[in-house]
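Source file: start_25.cif; contents: mmCIF, C-alpha atoms, pLDDT in the B column; chains and numbers go by the auth columns.
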data_model
loop_
_atom_site.group_PDB
_atom_site.id
_atom_site.type_symbol
_atom_site.label_atom_id
_atom_site.label_comp_id
_atom_site.label_asym_id
_atom_site.label_seq_id
_atom_site.Cartn_x
_atom_site.Cartn_y
_atom_site.Cartn_z
_atom_site.B_iso_or_equiv
_atom_site.auth_seq_id
_atom_site.auth_asym_id
ATOM 1 C CA MET A 1 61.248 9.803 -133.502 53.00 168 A
ATOM 2 C CA GLU A 2 59.713 13.246 -133.700 58.00 169 A
ATOM 3 C CA ARG A 3 57.838 12.634 -130.494 61.00 170 A
ATOM 4 C CA ASP A 4 61.049 11.686 -128.630 64.00 171 A
ATOM 5 C CA PHE A 5 62.814 14.779 -129.929 58.00 172 A
ATOM 6 C CA TYR A 6 59.941 17.015 -128.836 57.00 173 A
ATOM 7 C CA ASN A 7 59.796 15.448 -125.337 61.00 174 A
ATOM 8 C CA ASN A 8 63.562 15.779 -124.821 62.00 175 A
ATOM 9 C CA PHE A 9 63.515 19.358 -126.094 56.00 176 A
ATOM 10 C CA ASN A 10 60.647 20.308 -123.775 57.00 177 A
ATOM 11 C CA SER A 11 62.121 18.645 -120.693 58.00 178 A
ATOM 12 C CA ASN A 12 65.407 20.520 -121.062 54.00 179 A
ATOM 13 C CA PHE A 13 63.707 23.908 -120.869 54.00 180 A
ATOM 14 C CA THR A 14 61.177 23.075 -118.160 55.00 181 A
ATOM 15 C CA ASP A 15 63.934 21.882 -115.812 53.00 182 A
ATOM 16 C CA TYR A 16 65.754 25.188 -116.228 52.00 183 A
ATOM 17 C CA GLY A 17 62.705 27.298 -115.411 54.00 184 A
ATOM 18 C CA GLN A 18 61.862 25.436 -112.214 55.00 185 A
ATOM 19 C CA ASN A 19 65.203 26.074 -110.487 55.00 186 A
ATOM 20 C CA ILE A 20 63.877 28.927 -108.296 57.00 187 A
ATOM 21 C CA ASP A 21 65.019 27.423 -104.987 66.00 188 A
ATOM 22 C CA ASP A 22 68.591 28.522 -105.655 71.00 189 A
ATOM 23 C CA PRO A 23 68.852 32.154 -104.416 64.00 190 A
ATOM 24 C CA MET A 24 71.719 32.851 -106.803 72.00 191 A
ATOM 25 C CA PHE A 25 69.358 32.614 -109.791 81.00 192 A
ATOM 26 C CA ASN A 26 66.156 33.811 -108.175 87.00 193 A
ATOM 27 C CA PRO A 27 65.408 37.360 -109.411 89.00 194 A
ATOM 28 C CA ILE A 28 62.968 38.047 -106.578 89.00 195 A
ATOM 29 C CA MET A 29 65.614 37.286 -103.959 88.00 196 A
ATOM 30 C CA GLN A 30 68.134 39.470 -105.794 89.00 197 A
ATOM 31 C CA TYR A 31 65.618 42.319 -105.940 93.00 198 A
ATOM 32 C CA GLU A 32 64.842 42.013 -102.217 93.00 199 A
ATOM 33 C CA GLN A 33 68.524 41.943 -101.328 93.00 200 A
ATOM 34 C CA ALA A 34 69.190 45.070 -103.407 94.00 201 A
ATOM 35 C CA PHE A 35 66.148 46.802 -101.896 96.00 202 A
ATOM 36 C CA TYR A 36 67.233 46.146 -98.305 96.00 203 A
ATOM 37 C CA TYR A 37 70.813 47.181 -99.063 97.00 204 A
ATOM 38 C CA TYR A 38 69.567 50.456 -100.590 97.00 205 A
ATOM 39 C CA LYS A 39 67.241 50.982 -97.614 96.00 206 A
ATOM 40 C CA TYR A 40 70.176 50.416 -95.242 97.00 207 A
ATOM 41 C CA LEU A 41 72.322 52.949 -97.106 97.00 208 A
ATOM 42 C CA CYS A 42 69.516 55.527 -97.040 97.00 209 A
ATOM 43 C CA MET A 43 69.010 55.059 -93.312 97.00 210 A
ATOM 44 C CA GLN A 44 72.743 55.415 -92.733 97.00 211 A
ATOM 45 C CA MET A 45 72.889 58.644 -94.755 97.00 212 A
ATOM 46 C CA ASP A 46 69.825 60.002 -92.959 97.00 213 A
ATOM 47 C CA TYR A 47 71.463 59.271 -89.601 97.00 214 A
ATOM 48 C CA LYS A 48 74.674 61.055 -90.628 96.00 215 A
ATOM 49 C CA ILE A 49 72.719 64.096 -91.841 96.00 216 A
ATOM 50 C CA LYS A 50 70.783 64.269 -88.574 96.00 217 A
ATOM 51 C CA CYS A 51 74.016 64.029 -86.585 95.00 218 A
ATOM 52 C CA LYS A 52 75.485 66.940 -88.561 94.00 219 A
ATOM 53 C CA GLU A 53 72.342 68.996 -88.012 94.00 220 A
ATOM 54 C CA PHE A 54 72.451 68.224 -84.289 94.00 221 A
ATOM 55 C CA GLU A 55 76.116 69.299 -84.150 93.00 222 A
ATOM 56 C CA LYS A 56 75.229 72.590 -85.835 92.00 223 A
ATOM 57 C CA LEU A 57 72.356 73.185 -83.410 90.00 224 A
ATOM 58 C CA SER A 58 74.583 72.337 -80.459 88.00 225 A
ATOM 59 C CA ASN A 59 77.265 74.736 -81.668 88.00 226 A
ATOM 60 C CA ASN A 60 74.683 77.509 -82.121 82.00 227 A
ATOM 61 C CA GLN A 61 73.271 76.934 -78.627 78.00 228 A
ATOM 62 C CA GLU A 62 76.779 76.827 -77.152 71.00 229 A
ATOM 63 C CA ASN A 63 77.694 80.116 -78.795 70.00 230 A
ATOM 64 C CA LYS A 64 74.519 81.845 -77.613 69.00 231 A
ATOM 65 C CA SER A 65 74.445 80.693 -74.006 61.00 232 A
ATOM 66 C CA GLY A 66 78.136 80.155 -73.371 59.00 233 A
ATOM 67 C CA ARG A 67 77.621 76.561 -72.267 58.00 234 A
ATOM 68 C CA ARG A 68 77.348 73.290 -74.078 55.00 235 A
ATOM 69 C CA ILE A 69 74.141 71.237 -74.224 54.00 236 A
ATOM 70 C CA GLU A 70 74.564 67.488 -73.931 54.00 237 A
#
Can you turn what I pasted into structure tokens?
Amino acid sequence: MERDFYNNFNSNFTDYGQNIDDPMFNPIMQYEQAFYYYKYLCMQMDYKIKCKEFEKLSNNQENKSGRRIE
């Protein structure tokens, strides 16, 4: 009887640990998804900052020369 209890107890926990195919419960997949989302947000912010800097440079050049650079 003890042997049956031990085998049932062990099988319940080993089945839970081997369910890595489901991306909902896979911590590596969650980490990768969060990493790529953060990377996307950083690239988007970098693009917006560069656009603002370009606008400032364009306005400075326009004021100095009297014409707009495009």
Pairwise distance, atom CA of Leu224 of chain A with atom CA of Tyr207 of chain A, equals 25.8 Å
* **Atomic distance atom CA of Gln200 of chain A - atom CA of Tyr214 of chain A, expressed in Å with one decimal** =>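 Atom CA of Tyr214 of chain A lies 21.1 Å from atom CA of Gln200 of chain A.
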Pairwise distance, atom CA of Ile195 of chain A with atom CA of Met210 of chain A, equals 22.4 Å
